[in-house]
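> Take a look at start-v5.pdb, PDB, C-alpha atoms and all ligand atoms:
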```pdb
ATOM      1  CA  MET A   6     -16.293   7.295  11.420  1.00  0.00           C
ATOM      2  CA  LYS A   7     -14.091   7.440   8.312  1.00  0.00           C
ATOM      3  CA  ARG A   8     -15.200   5.249   5.412  1.00  0.00           C
ATOM      4  CA  VAL A   9     -12.203   3.773   3.650  1.00  0.00           C
ATOM      5  CA  GLY A  10     -12.399   1.829   0.411  1.00  0.00           C
ATOM      6  CA  VAL A  11     -10.427  -1.365  -0.098  1.00  0.00           C
ATOM      7  CA  LEU A  12      -9.877  -2.258  -3.748  1.00  0.00           C
ATOM      8  CA  SER A  13     -11.266  -5.799  -3.806  1.00  0.00           C
ATOM      9  CA  LEU A  14     -10.519  -7.176  -7.263  1.00  0.00           C
ATOM     10  CA  GLN A  15      -7.848  -9.622  -6.112  1.00  0.00           C
ATOM     11  CA  GLY A  16      -5.401 -10.185  -3.252  1.00  0.00           C
ATOM     12  CA  ASP A  17      -5.708  -9.830   0.526  1.00  0.00           C
ATOM     13  CA  PHE A  18      -8.420  -7.171   0.656  1.00  0.00           C
ATOM     14  CA  ALA A  19     -10.331  -8.911   3.489  1.00  0.00           C
ATOM     15  CA  ALA A  20      -7.341  -8.645   5.870  1.00  0.00           C
ATOM     16  CA  HIS A  21      -7.104  -4.911   5.094  1.00  0.00           C
ATOM     17  CA  GLY A  22     -10.788  -4.514   5.863  1.00  0.00           C
ATOM     18  CA  GLU A  23     -10.274  -6.110   9.276  1.00  0.00           C
ATOM     19  CA  ALA A  24      -7.151  -4.015   9.952  1.00  0.00           C
ATOM     20  CA  LEU A  25      -9.061  -0.828   9.080  1.00  0.00           C
ATOM     21  CA  ARG A  26     -11.811  -1.884  11.484  1.00  0.00           C
ATOM     22  CA  ARG A  27      -9.251  -2.479  14.254  1.00  0.00           C
ATOM     23  CA  ALA A  28      -7.757   0.946  13.502  1.00  0.00           C
ATOM     24  CA  GLY A  29     -11.195   2.559  13.902  1.00  0.00           C
ATOM     25  CA  ALA A  30     -12.506   3.016  10.340  1.00  0.00           C
ATOM     26  CA  GLU A  31     -15.326   1.482   8.340  1.00  0.00           C
ATOM     27  CA  PRO A  32     -14.066  -0.559   5.366  1.00  0.00           C
ATOM     28  CA  VAL A  33     -15.947  -0.479   2.067  1.00  0.00           C
ATOM     29  CA  TYR A  34     -15.016  -3.204  -0.428  1.00  0.00           C
ATOM     30  CA  VAL A  35     -14.679  -1.579  -3.850  1.00  0.00           C
ATOM     31  CA  ARG A  36     -15.237  -3.553  -7.063  1.00  0.00           C
ATOM     32  CA  HIS A  37     -16.920  -0.915  -9.218  1.00  0.00           C
ATOM     33  CA  ALA A  38     -16.128   2.734  -9.885  1.00  0.00           C
ATOM     34  CA  ALA A  39     -19.456   3.917  -8.436  1.00  0.00           C
ATOM     35  CA  GLU A  40     -18.433   2.517  -5.042  1.00  0.00           C
ATOM     36  CA  LEU A  41     -15.649   5.124  -4.778  1.00  0.00           C
ATOM     37  CA  ALA A  42     -18.224   7.882  -4.264  1.00  0.00           C
ATOM     38  CA  GLY A  43     -18.154   9.381  -0.795  1.00  0.00           C
ATOM     39  CA  LEU A  44     -15.100   7.491   0.465  1.00  0.00           C
ATOM     40  CA  ASP A  45     -12.461   9.279   2.558  1.00  0.00           C
ATOM     41  CA  GLY A  46      -9.552   7.229   1.220  1.00  0.00           C
ATOM     42  CA  LEU A  47      -8.642   3.993  -0.507  1.00  0.00           C
ATOM     43  CA  VAL A  48      -6.397   1.015   0.201  1.00  0.00           C
ATOM     44  CA  ILE A  49      -4.857  -0.962  -2.674  1.00  0.00           C
ATOM     45  CA  PRO A  50      -3.950  -4.341  -1.149  1.00  0.00           C
ATOM     46  CA  GLY A  51      -1.221  -6.855  -1.851  1.00  0.00           C
ATOM     47  CA  GLY A  52      -1.748  -9.588  -4.385  1.00  0.00           C
ATOM     48  CA  GLU A  53      -0.388  -9.867  -7.886  1.00  0.00           C
ATOM     49  CA  SER A  54       0.107  -6.487  -9.517  1.00  0.00           C
ATOM     50  CA  THR A  55      -0.086  -7.820 -13.090  1.00  0.00           C
ATOM     51  CA  THR A  56      -3.445  -9.471 -12.373  1.00  0.00           C
ATOM     52  CA  MET A  57      -4.708  -6.343 -10.645  1.00  0.00           C
ATOM     53  CA  LEU A  58      -3.643  -4.245 -13.631  1.00  0.00           C
ATOM     54  CA  LYS A  59      -5.662  -6.479 -15.960  1.00  0.00           C
ATOM     55  CA  LEU A  60      -8.709  -6.392 -13.724  1.00  0.00           C
ATOM     56  CA  LEU A  61      -8.498  -2.612 -13.294  1.00  0.00           C
ATOM     57  CA  ARG A  62      -8.708  -2.268 -17.062  1.00  0.00           C
ATOM     58  CA  TYR A  63     -11.340  -4.979 -17.515  1.00  0.00           C
ATOM     59  CA  ASP A  64     -13.551  -3.398 -14.857  1.00  0.00           C
ATOM     60  CA  CYS A  65     -12.988   0.162 -16.207  1.00  0.00           C
ATOM     61  CA  LEU A  66     -11.548   1.244 -12.868  1.00  0.00           C
ATOM     62  CA  TRP A  67      -8.235   2.717 -14.043  1.00  0.00           C
ATOM     63  CA  ALA A  68      -9.406   6.263 -14.820  1.00  0.00           C
ATOM     64  CA  PRO A  69     -11.847   6.524 -11.867  1.00  0.00           C
ATOM     65  CA  LEU A  70      -9.097   5.372  -9.518  1.00  0.00           C
ATOM     66  CA  ALA A  71      -6.609   7.902 -10.898  1.00  0.00           C
ATOM     67  CA  GLU A  72      -9.237  10.602 -10.531  1.00  0.00           C
ATOM     68  CA  PHE A  73     -10.032   9.522  -6.955  1.00  0.00           C
ATOM     69  CA  ALA A  74      -6.315   9.715  -6.066  1.00  0.00           C
ATOM     70  CA  ARG A  75      -6.213  13.354  -7.168  1.00  0.00           C
ATOM     71  CA  ARG A  76      -8.763  14.170  -4.470  1.00  0.00           C
ATOM     72  CA  LYS A  77      -8.209  11.631  -1.682  1.00  0.00           C
ATOM     73  CA  PRO A  78      -5.407   9.687   0.034  1.00  0.00           C
ATOM     74  CA  VAL A  79      -4.455   6.242  -1.248  1.00  0.00           C
ATOM     75  CA  PHE A  80      -2.469   3.609   0.666  1.00  0.00           C
ATOM     76  CA  GLY A  81      -0.866   0.775  -1.309  1.00  0.00           C
ATOM     77  CA  THR A  82       0.753  -2.310   0.214  1.00  0.00           C
ATOM     78  CA  CYS A  83       3.106  -4.579  -1.729  1.00  0.00           C
ATOM     79  CA  ALA A  84       1.392  -5.102  -5.113  1.00  0.00           C
ATOM     80  CA  GLY A  85      -0.607  -1.958  -4.222  1.00  0.00           C
ATOM     81  CA  ALA A  86       2.668  -0.052  -3.786  1.00  0.00           C
ATOM     82  CA  ILE A  87       3.784  -1.330  -7.195  1.00  0.00           C
ATOM     83  CA  LEU A  88       0.600   0.048  -8.758  1.00  0.00           C
ATOM     84  CA  MET A  89       1.202   3.435  -7.099  1.00  0.00           C
ATOM     85  CA  ALA A  90       4.832   3.819  -8.182  1.00  0.00           C
ATOM     86  CA  SER A  91       6.019   6.111 -10.961  1.00  0.00           C
ATOM     87  CA  GLU A  92       8.459   3.505 -12.270  1.00  0.00           C
ATOM     88  CA  VAL A  93       8.268  -0.306 -12.187  1.00  0.00           C
ATOM     89  CA  THR A  94      10.980  -2.755 -13.261  1.00  0.00           C
ATOM     90  CA  ALA A  95      11.543  -6.543 -13.376  1.00  0.00           C
ATOM     91  CA  PRO A  96       9.702  -6.448 -15.667  1.00  0.00           C
ATOM     92  CA  GLU A  97       8.610  -2.959 -16.607  1.00  0.00           C
ATOM     93  CA  GLN A  98       4.879  -2.469 -16.325  1.00  0.00           C
ATOM     94  CA  GLU A  99       2.293   0.257 -16.263  1.00  0.00           C
ATOM     95  CA  SER A 100       1.405   1.971 -13.013  1.00  0.00           C
ATOM     96  CA  LEU A 101      -0.719   4.810 -11.702  1.00  0.00           C
ATOM     97  CA  GLY A 102       2.294   7.011 -10.866  1.00  0.00           C
ATOM     98  CA  LEU A 103       0.749   8.378  -7.677  1.00  0.00           C
ATOM     99  CA  MET A 104       4.104   8.497  -5.902  1.00  0.00           C
ATOM    100  CA  ASP A 105       7.574   9.382  -7.126  1.00  0.00           C
ATOM    101  CA  ILE A 106       9.175   6.038  -6.295  1.00  0.00           C
ATOM    102  CA  ALA A 107      10.865   3.424  -8.468  1.00  0.00           C
ATOM    103  CA  VAL A 108      10.162  -0.183  -7.493  1.00  0.00           C
ATOM    104  CA  GLU A 109      11.710  -3.444  -8.585  1.00  0.00           C
ATOM    105  CA  ARG A 110       9.197  -6.291  -8.429  1.00  0.00           C
ATOM    106  CA  ASN A 111      10.170  -9.327  -6.338  1.00  0.00           C
ATOM    107  CA  GLY A 112      13.310  -7.347  -5.541  1.00  0.00           C
ATOM    108  CA  TYR A 113      14.371  -9.422  -2.537  1.00  0.00           C
ATOM    109  CA  GLY A 114      15.054 -12.383  -4.792  1.00  0.00           C
ATOM    110  CA  ARG A 115      14.152 -16.037  -4.554  1.00  0.00           C
ATOM    111  CA  GLN A 116      16.158 -17.261  -1.560  1.00  0.00           C
ATOM    112  CA  VAL A 117      14.661 -14.852   0.932  1.00  0.00           C
ATOM    113  CA  ASP A 118      11.563 -13.796  -0.931  1.00  0.00           C
ATOM    114  CA  SER A 119       9.172 -14.025   2.020  1.00  0.00           C
ATOM    115  CA  ARG A 120       9.811 -13.456   5.737  1.00  0.00           C
ATOM    116  CA  VAL A 121       8.579 -11.887   8.958  1.00  0.00           C
ATOM    117  CA  THR A 122      11.010  -9.435  10.486  1.00  0.00           C
ATOM    118  CA  LEU A 123      11.281  -6.211  12.470  1.00  0.00           C
ATOM    119  CA  VAL A 124      11.813  -2.921  10.640  1.00  0.00           C
ATOM    120  CA  GLU A 125      12.920   0.371  12.125  1.00  0.00           C
ATOM    121  CA  PRO A 126      10.542   3.304  11.786  1.00  0.00           C
ATOM    122  CA  ASP A 127      11.957   6.817  11.792  1.00  0.00           C
ATOM    123  CA  ALA A 128      11.344   9.259  14.634  1.00  0.00           C
ATOM    124  CA  ASP A 129       8.517  10.982  12.750  1.00  0.00           C
ATOM    125  CA  PHE A 130       6.547   7.722  12.407  1.00  0.00           C
ATOM    126  CA  GLU A 131       7.018   7.005  16.127  1.00  0.00           C
ATOM    127  CA  ARG A 132       5.996  10.527  17.101  1.00  0.00           C
ATOM    128  CA  ARG A 133       2.824  10.304  14.994  1.00  0.00           C
ATOM    129  CA  THR A 134       1.899   6.803  16.208  1.00  0.00           C
ATOM    130  CA  ALA A 135       3.791   5.116  19.062  1.00  0.00           C
ATOM    131  CA  PRO A 136       7.413   4.085  19.638  1.00  0.00           C
ATOM    132  CA  GLY A 137       8.905   0.718  18.761  1.00  0.00           C
ATOM    133  CA  PRO A 138       9.932  -1.381  15.754  1.00  0.00           C
ATOM    134  CA  ILE A 139       7.295  -2.544  13.258  1.00  0.00           C
ATOM    135  CA  GLU A 140       6.759  -6.264  12.728  1.00  0.00           C
ATOM    136  CA  ALA A 141       6.787  -6.567   8.953  1.00  0.00           C
ATOM    137  CA  VAL A 142       5.595  -9.456   6.784  1.00  0.00           C
ATOM    138  CA  PHE A 143       7.255  -9.484   3.349  1.00  0.00           C
ATOM    139  CA  ILE A 144       5.708 -11.731   0.672  1.00  0.00           C
ATOM    140  CA  ARG A 145       7.519 -11.658  -2.654  1.00  0.00           C
ATOM    141  CA  ALA A 146       7.898  -7.971  -1.966  1.00  0.00           C
ATOM    142  CA  PRO A 147       9.164  -5.253  -4.277  1.00  0.00           C
ATOM    143  CA  ILE A 148      12.254  -3.212  -3.352  1.00  0.00           C
ATOM    144  CA  ILE A 149      11.963   0.548  -3.507  1.00  0.00           C
ATOM    145  CA  ARG A 150      15.071   1.509  -5.493  1.00  0.00           C
ATOM    146  CA  ARG A 151      14.560   5.255  -5.705  1.00  0.00           C
ATOM    147  CA  VAL A 152      12.579   7.773  -3.687  1.00  0.00           C
ATOM    148  CA  GLY A 153      11.934  11.152  -5.312  1.00  0.00           C
ATOM    149  CA  ALA A 154      12.619  14.455  -3.578  1.00  0.00           C
ATOM    150  CA  GLY A 155       8.936  14.945  -2.754  1.00  0.00           C
ATOM    151  CA  ALA A 156       8.599  11.615  -0.962  1.00  0.00           C
ATOM    152  CA  LYS A 157       9.602  10.791   2.585  1.00  0.00           C
ATOM    153  CA  VAL A 158      10.867   7.478   3.972  1.00  0.00           C
ATOM    154  CA  LEU A 159       9.131   6.491   7.232  1.00  0.00           C
ATOM    155  CA  ALA A 160      10.758   3.072   7.748  1.00  0.00           C
ATOM    156  CA  ARG A 161      13.644   1.066   6.339  1.00  0.00           C
ATOM    157  CA  TYR A 162      14.739  -2.548   6.281  1.00  0.00           C
ATOM    158  CA  GLY A 163      18.409  -3.286   5.658  1.00  0.00           C
ATOM    159  CA  GLY A 164      18.804   0.281   4.426  1.00  0.00           C
ATOM    160  CA  ASP A 165      16.026   0.016   1.826  1.00  0.00           C
ATOM    161  CA  PRO A 166      12.867   2.122   2.204  1.00  0.00           C
ATOM    162  CA  VAL A 167       9.833  -0.028   3.090  1.00  0.00           C
ATOM    163  CA  LEU A 168       7.312   2.647   4.132  1.00  0.00           C
ATOM    164  CA  VAL A 169       7.125   5.880   2.129  1.00  0.00           C
ATOM    165  CA  GLU A 170       4.801   8.861   2.232  1.00  0.00           C
ATOM    166  CA  GLN A 171       4.223  11.481  -0.422  1.00  0.00           C
ATOM    167  CA  GLY A 172       1.655  14.177   0.230  1.00  0.00           C
ATOM    168  CA  PRO A 173      -1.637  12.394   0.932  1.00  0.00           C
ATOM    169  CA  HIS A 174      -0.414   8.990  -0.234  1.00  0.00           C
ATOM    170  CA  LEU A 175       1.334   6.139   1.561  1.00  0.00           C
ATOM    171  CA  ALA A 176       3.064   2.988   0.288  1.00  0.00           C
ATOM    172  CA  ALA A 177       4.427  -0.045   2.158  1.00  0.00           C
ATOM    173  CA  THR A 178       6.315  -2.940   0.599  1.00  0.00           C
ATOM    174  CA  PHE A 179       5.315  -5.157   3.549  1.00  0.00           C
ATOM    175  CA  HIS A 180       1.864  -6.235   4.812  1.00  0.00           C
ATOM    176  CA  PRO A 181       0.777  -4.260   7.910  1.00  0.00           C
ATOM    177  CA  GLU A 182      -2.703  -5.821   7.575  1.00  0.00           C
ATOM    178  CA  LEU A 183      -1.276  -9.225   8.582  1.00  0.00           C
ATOM    179  CA  THR A 184      -0.032  -8.267  12.066  1.00  0.00           C
ATOM    180  CA  ARG A 185      -1.800  -7.014  15.203  1.00  0.00           C
ATOM    181  CA  ASP A 186       0.074  -3.683  15.112  1.00  0.00           C
ATOM    182  CA  VAL A 187      -2.356  -1.136  13.669  1.00  0.00           C
ATOM    183  CA  ARG A 188       0.014   1.863  13.706  1.00  0.00           C
ATOM    184  CA  VAL A 189       0.514   1.967   9.924  1.00  0.00           C
ATOM    185  CA  HIS A 190      -3.229   1.903   9.279  1.00  0.00           C
ATOM    186  CA  ARG A 191      -3.752   4.520  12.027  1.00  0.00           C
ATOM    187  CA  LEU A 192      -1.148   6.736  10.372  1.00  0.00           C
ATOM    188  CA  PHE A 193      -3.059   6.439   7.103  1.00  0.00           C
ATOM    189  CA  LEU A 194      -6.357   7.295   8.835  1.00  0.00           C
ATOM    190  CA  GLU A 195      -4.675  10.412  10.287  1.00  0.00           C
ATOM    191  CA  LYS A 196      -4.095  11.579   6.711  1.00  0.00           C
ATOM    192  CA  LEU A 197      -7.782  11.414   5.721  1.00  0.00           C
TER     193      LEU A 197
HETATM  194  N1  LIG A 201       5.134 -10.099  -6.215  1.00  0.00           N
HETATM  195  C1  LIG A 201       3.875  -9.429  -6.342  1.00  0.00           C
HETATM  196  C2  LIG A 201       3.858  -8.502  -7.564  1.00  0.00           C
HETATM  197  O1  LIG A 201       4.863  -8.305  -8.163  1.00  0.00           O
HETATM  198  C3  LIG A 201       3.543  -8.630  -5.092  1.00  0.00           C
HETATM  199  C4  LIG A 201       3.388  -9.561  -3.921  1.00  0.00           C
HETATM  200  C5  LIG A 201       2.457  -9.087  -2.863  1.00  0.00           C
HETATM  201  O2  LIG A 201       1.643  -8.194  -3.047  1.00  0.00           O
HETATM  202  N2  LIG A 201       2.512  -9.739  -1.722  1.00  0.00           N
HETATM  203  O3  LIG A 201       2.852  -7.989  -7.921  1.00  0.00           O
END
```
Give the structure from this file in structure tokens form.
Ligand code: GLN


Amino acid sequence: MKRVGVLSLQGDFAAHGEALRRAGAEPVYVRHAAELAGLDGLVIPGGESTTMLKLLRYDCLWAPLAEFARRKPVFGTCAGAILMASEVTAPEQESLGLMDIAVERNGYGRQVDSRVTLVEPDADFERRTAPGPIEAVFIRAPIIRRVGAGAKVLARYGGDPVLVEQGPHLAATFHPELTRDVRVHRLFLEKL
């Protein structure tokens, strides 16, 4: 069974652990760099990206995490996707730059900042998992404003990319760990 780390400094790491279990992997809650050893991949959950940034530095996890990502797949959701981006705005902040995407924090604005909706996956996502729309929970989500040539959009909402893959890595602006549909987590496990 694949052992997948879940960065557990802050945010909804427990829900990701349960989703990984439902998808057929063993979750390992990561709080210290040493716990990254031997893992097949890592999930960076949703939460508050600024807080996570501070804790990553405080806990000396920044460099070990960047090093891990050079060897193994990383899947970031919402705040996790913000940390993985190459460019962050509203406001600008540091990020790991694991994927060539530009994200605008809280990009859906105040009026409609959180919702549950259906998003349309592309044919490749459906072929690799199963057909049908994805139920997507958005919570003060970032908008992906630019996707680099090396990255591939796997699902969109209202024309904007919401699930993007680049090489081994995967980023979602919604929260697949909060619904019963485990296809997004299964897709990530396929990459390990
Ligand atoms: N708005 C948060 C941020 O900018 C992300 C929200 C989330 O992860 N659900 O970090």

> Using only C-alpha atoms, which of A:Asp165, A:Asp64, A:Glu182, A:Glu23 sits nearest His37 in chain A?

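For His37 in chain A, the nearest of the candidates is A:Asp64.
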
> Expanded to explicit residues, what is the PyMOL selection byres (((chain A and resi 180) around 8) and not hetatm) for this file, as a compact mmCIF listing (two decimals) with C-alpha atoms, in the coordinates of the input?


```
# COMPACT_ATOMS: atom_id res chain seq x y z
CA GLY A 51 -1.22 -6.86 -1.85
CA THR A 82 0.75 -2.31 0.21
CA CYS A 83 3.11 -4.58 -1.73
CA ALA A 141 6.79 -6.57 8.95
CA VAL A 142 5.60 -9.46 6.78
CA PHE A 143 7.26 -9.48 3.35
CA ILE A 144 5.71 -11.73 0.67
CA ALA A 177 4.43 -0.04 2.16
CA THR A 178 6.32 -2.94 0.60
CA PHE A 179 5.32 -5.16 3.55
CA PRO A 181 0.78 -4.26 7.91
CA GLU A 182 -2.70 -5.82 7.58
CA LEU A 183 -1.28 -9.22 8.58
CA THR A 184 -0.03 -8.27 12.07
```

> If we count only C-alpha atoms, what is near Pro50 in chain A at a cut-off of 12 Å, once residues fewer than 2 positions away on the same chain are taken out, given as a PDB file with C-alpha atoms, in the frame of the given file?


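Output contents, as saved in around09.pdb:
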```pdb
ATOM      1  CA  GLY A  10     -12.399   1.829   0.411  1.00  0.00           C
ATOM      2  CA  VAL A  11     -10.427  -1.365  -0.098  1.00  0.00           C
ATOM      3  CA  LEU A  12      -9.877  -2.258  -3.748  1.00  0.00           C
ATOM      4  CA  SER A  13     -11.266  -5.799  -3.806  1.00  0.00           C
ATOM      5  CA  LEU A  14     -10.519  -7.176  -7.263  1.00  0.00           C
ATOM      6  CA  GLN A  15      -7.848  -9.622  -6.112  1.00  0.00           C
ATOM      7  CA  GLY A  16      -5.401 -10.185  -3.252  1.00  0.00           C
ATOM      8  CA  ASP A  17      -5.708  -9.830   0.526  1.00  0.00           C
ATOM      9  CA  PHE A  18      -8.420  -7.171   0.656  1.00  0.00           C
ATOM     10  CA  ALA A  19     -10.331  -8.911   3.489  1.00  0.00           C
ATOM     11  CA  ALA A  20      -7.341  -8.645   5.870  1.00  0.00           C
ATOM     12  CA  HIS A  21      -7.104  -4.911   5.094  1.00  0.00           C
ATOM     13  CA  GLY A  22     -10.788  -4.514   5.863  1.00  0.00           C
ATOM     14  CA  ALA A  24      -7.151  -4.015   9.952  1.00  0.00           C
ATOM     15  CA  LEU A  25      -9.061  -0.828   9.080  1.00  0.00           C
ATOM     16  CA  TYR A  34     -15.016  -3.204  -0.428  1.00  0.00           C
ATOM     17  CA  VAL A  35     -14.679  -1.579  -3.850  1.00  0.00           C
ATOM     18  CA  LEU A  47      -8.642   3.993  -0.507  1.00  0.00           C
ATOM     19  CA  VAL A  48      -6.397   1.015   0.201  1.00  0.00           C
ATOM     20  CA  GLY A  52      -1.748  -9.588  -4.385  1.00  0.00           C
ATOM     21  CA  GLU A  53      -0.388  -9.867  -7.886  1.00  0.00           C
ATOM     22  CA  SER A  54       0.107  -6.487  -9.517  1.00  0.00           C
ATOM     23  CA  MET A  57      -4.708  -6.343 -10.645  1.00  0.00           C
ATOM     24  CA  VAL A  79      -4.455   6.242  -1.248  1.00  0.00           C
ATOM     25  CA  PHE A  80      -2.469   3.609   0.666  1.00  0.00           C
ATOM     26  CA  GLY A  81      -0.866   0.775  -1.309  1.00  0.00           C
ATOM     27  CA  THR A  82       0.753  -2.310   0.214  1.00  0.00           C
ATOM     28  CA  CYS A  83       3.106  -4.579  -1.729  1.00  0.00           C
ATOM     29  CA  ALA A  84       1.392  -5.102  -5.113  1.00  0.00           C
ATOM     30  CA  GLY A  85      -0.607  -1.958  -4.222  1.00  0.00           C
ATOM     31  CA  ALA A  86       2.668  -0.052  -3.786  1.00  0.00           C
ATOM     32  CA  ILE A  87       3.784  -1.330  -7.195  1.00  0.00           C
ATOM     33  CA  LEU A  88       0.600   0.048  -8.758  1.00  0.00           C
ATOM     34  CA  MET A  89       1.202   3.435  -7.099  1.00  0.00           C
ATOM     35  CA  ALA A 176       3.064   2.988   0.288  1.00  0.00           C
ATOM     36  CA  ALA A 177       4.427  -0.045   2.158  1.00  0.00           C
ATOM     37  CA  THR A 178       6.315  -2.940   0.599  1.00  0.00           C
ATOM     38  CA  PHE A 179       5.315  -5.157   3.549  1.00  0.00           C
ATOM     39  CA  HIS A 180       1.864  -6.235   4.812  1.00  0.00           C
ATOM     40  CA  PRO A 181       0.777  -4.260   7.910  1.00  0.00           C
ATOM     41  CA  GLU A 182      -2.703  -5.821   7.575  1.00  0.00           C
ATOM     42  CA  LEU A 183      -1.276  -9.225   8.582  1.00  0.00           C
TER      43      LEU A 183
END
```

> Which one of A:Phe193, A:Tyr63, A:Phe73, A:Tyr113 sits closest to ligand LIG 201 (chain A) if you count all atoms listed in the file?

A:Tyr113

> What's around Ile106 in chain A at 9 Å? Count only C-alpha atoms, leave out sequence neighbours fewer than 3 positions away in its own chain, and write the answer as a ChimeraX atom specification.

/A:89-93,102-103,149-153,156,169

> Taking every listed atom of ligand LIG 201 (chain A) and adding 5 Å to each side, what centre and edge lengths in Å (one decimal) does the axis-aligned box have, as AutoDock Vina command-line options?


```
--center_x 3.4 --center_y -9.0 --center_z -4.9 --size_x 13.5 --size_y 12.1 --size_z 16.4
```

> Which residues are near Arg8 in chain A? Cut-off 8 Å, only C-alpha atoms, ignore same chain within fewer than 4 positions. Put them as an mmCIF file with C-alpha atoms, in the frame of the given file.


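Listing of result-v3.cif after writing:
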```cif
data_model
loop_
_atom_site.group_PDB
_atom_site.id
_atom_site.type_symbol
_atom_site.label_atom_id
_atom_site.label_comp_id
_atom_site.auth_asym_id
_atom_site.auth_seq_id
_atom_site.Cartn_x
_atom_site.Cartn_y
_atom_site.Cartn_z
ATOM 1 C CA ALA A 30 -12.506 3.016 10.340
ATOM 2 C CA GLU A 31 -15.326 1.482 8.340
ATOM 3 C CA PRO A 32 -14.066 -0.559 5.366
ATOM 4 C CA VAL A 33 -15.947 -0.479 2.067
ATOM 5 C CA LEU A 44 -15.100 7.491 0.465
ATOM 6 C CA ASP A 45 -12.461 9.279 2.558
ATOM 7 C CA GLY A 46 -9.552 7.229 1.220
#
```

> If I take atom O1 of ligand LIG 201 (chain A) and CA of Thr56 in chain A, how far is one from the other in Å, to one decimal?

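These atoms are spaced 9.4 Å apart.
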
> In Å, with one decimal, what is the gap from CA of Thr94 in chain A to CA of Val108 in chain A?

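Those two atoms sit 6.4 Å apart.
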
> So that I can check the surroundings of Thr134 in chain A, please list as a ChimeraX atom specification every protein, DNA and RNA residue that reaches within 12 Å of it, counting only C-alpha atoms and ignoring chain neighbours fewer than 6 positions away.

/A:28,126-128,159,186-195

> Report, in Å to a single decimal, how far apart CA of Gly164 in chain A and CA of Glu109 in chain A are.

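Atom-to-atom, CA of Glu109 in chain A to CA of Gly164 in chain A, that is 15.3 Å.
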
> When you count all atoms listed in the file, which of these residues is closest to ligand LIG 201 (chain A): A:Leu60, A:Ser119, A:Asn111, A:Leu70?

A:Asn111

> Check the smallest atom-to-atom distance from each of A:Arg145, A:Arg75, A:Arg133, A:Arg161 to ligand LIG 201 (chain A) using only C-alpha atoms and all ligand atoms, then report the winner.

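Of the candidates, the smallest distance to ligand LIG 201 (chain A) is held by A:Arg145.
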
> Quick one: residues within 8 Å of Pro173 in chain A, all atoms listed in the file counted, chain neighbours fewer than 5 positions away excluded, as a compact mmCIF listing (two decimals) with C-alpha atoms, keeping the file's coordinate frame?


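Output saved as around.txt:
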```
# COMPACT_ATOMS: atom_id res chain seq x y z
CA LYS A 77 -8.21 11.63 -1.68
CA PRO A 78 -5.41 9.69 0.03
CA VAL A 79 -4.46 6.24 -1.25
CA LYS A 196 -4.10 11.58 6.71
CA LEU A 197 -7.78 11.41 5.72
```

> Taking the file as shown, find all residues satisfying the PyMOL selection byres (((chain A and resi 139) around 7) and not hetatm) and write them as a PyMOL selection string.

chain A and resi 123-126+137-138+140-141

> Find the residue from A:Val121, A:Ala74, A:Leu168, A:Leu58 that sits nearest to ligand LIG 201 (chain A); use only C-alpha atoms and all ligand atoms when measuring.

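Using only C-alpha atoms and all ligand atoms, the shortest distance to ligand LIG 201 (chain A) belongs to A:Leu58.
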
> Could you tell me which of A:Asp118, A:Leu61, A:Met104, A:Phe130 comes closest to ligand LIG 201 (chain A) if we count all atoms listed in the file?

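So, comparing all the options, the nearest one is A:Asp118.
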
> List every protein, DNA or RNA residue that has an atom no more than 10 Å from (-16.9, 3.5, -11.2) in the file's coordinate frame, counting all atoms listed in the file, and report them as a list in words.

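Selection result: Val35, Arg36, His37, Ala38, Ala39, Glu40, Leu41, Ala42, Asp64, Cys65, Leu66, Trp67, Ala68, Pro69 and Leu70 of chain A.
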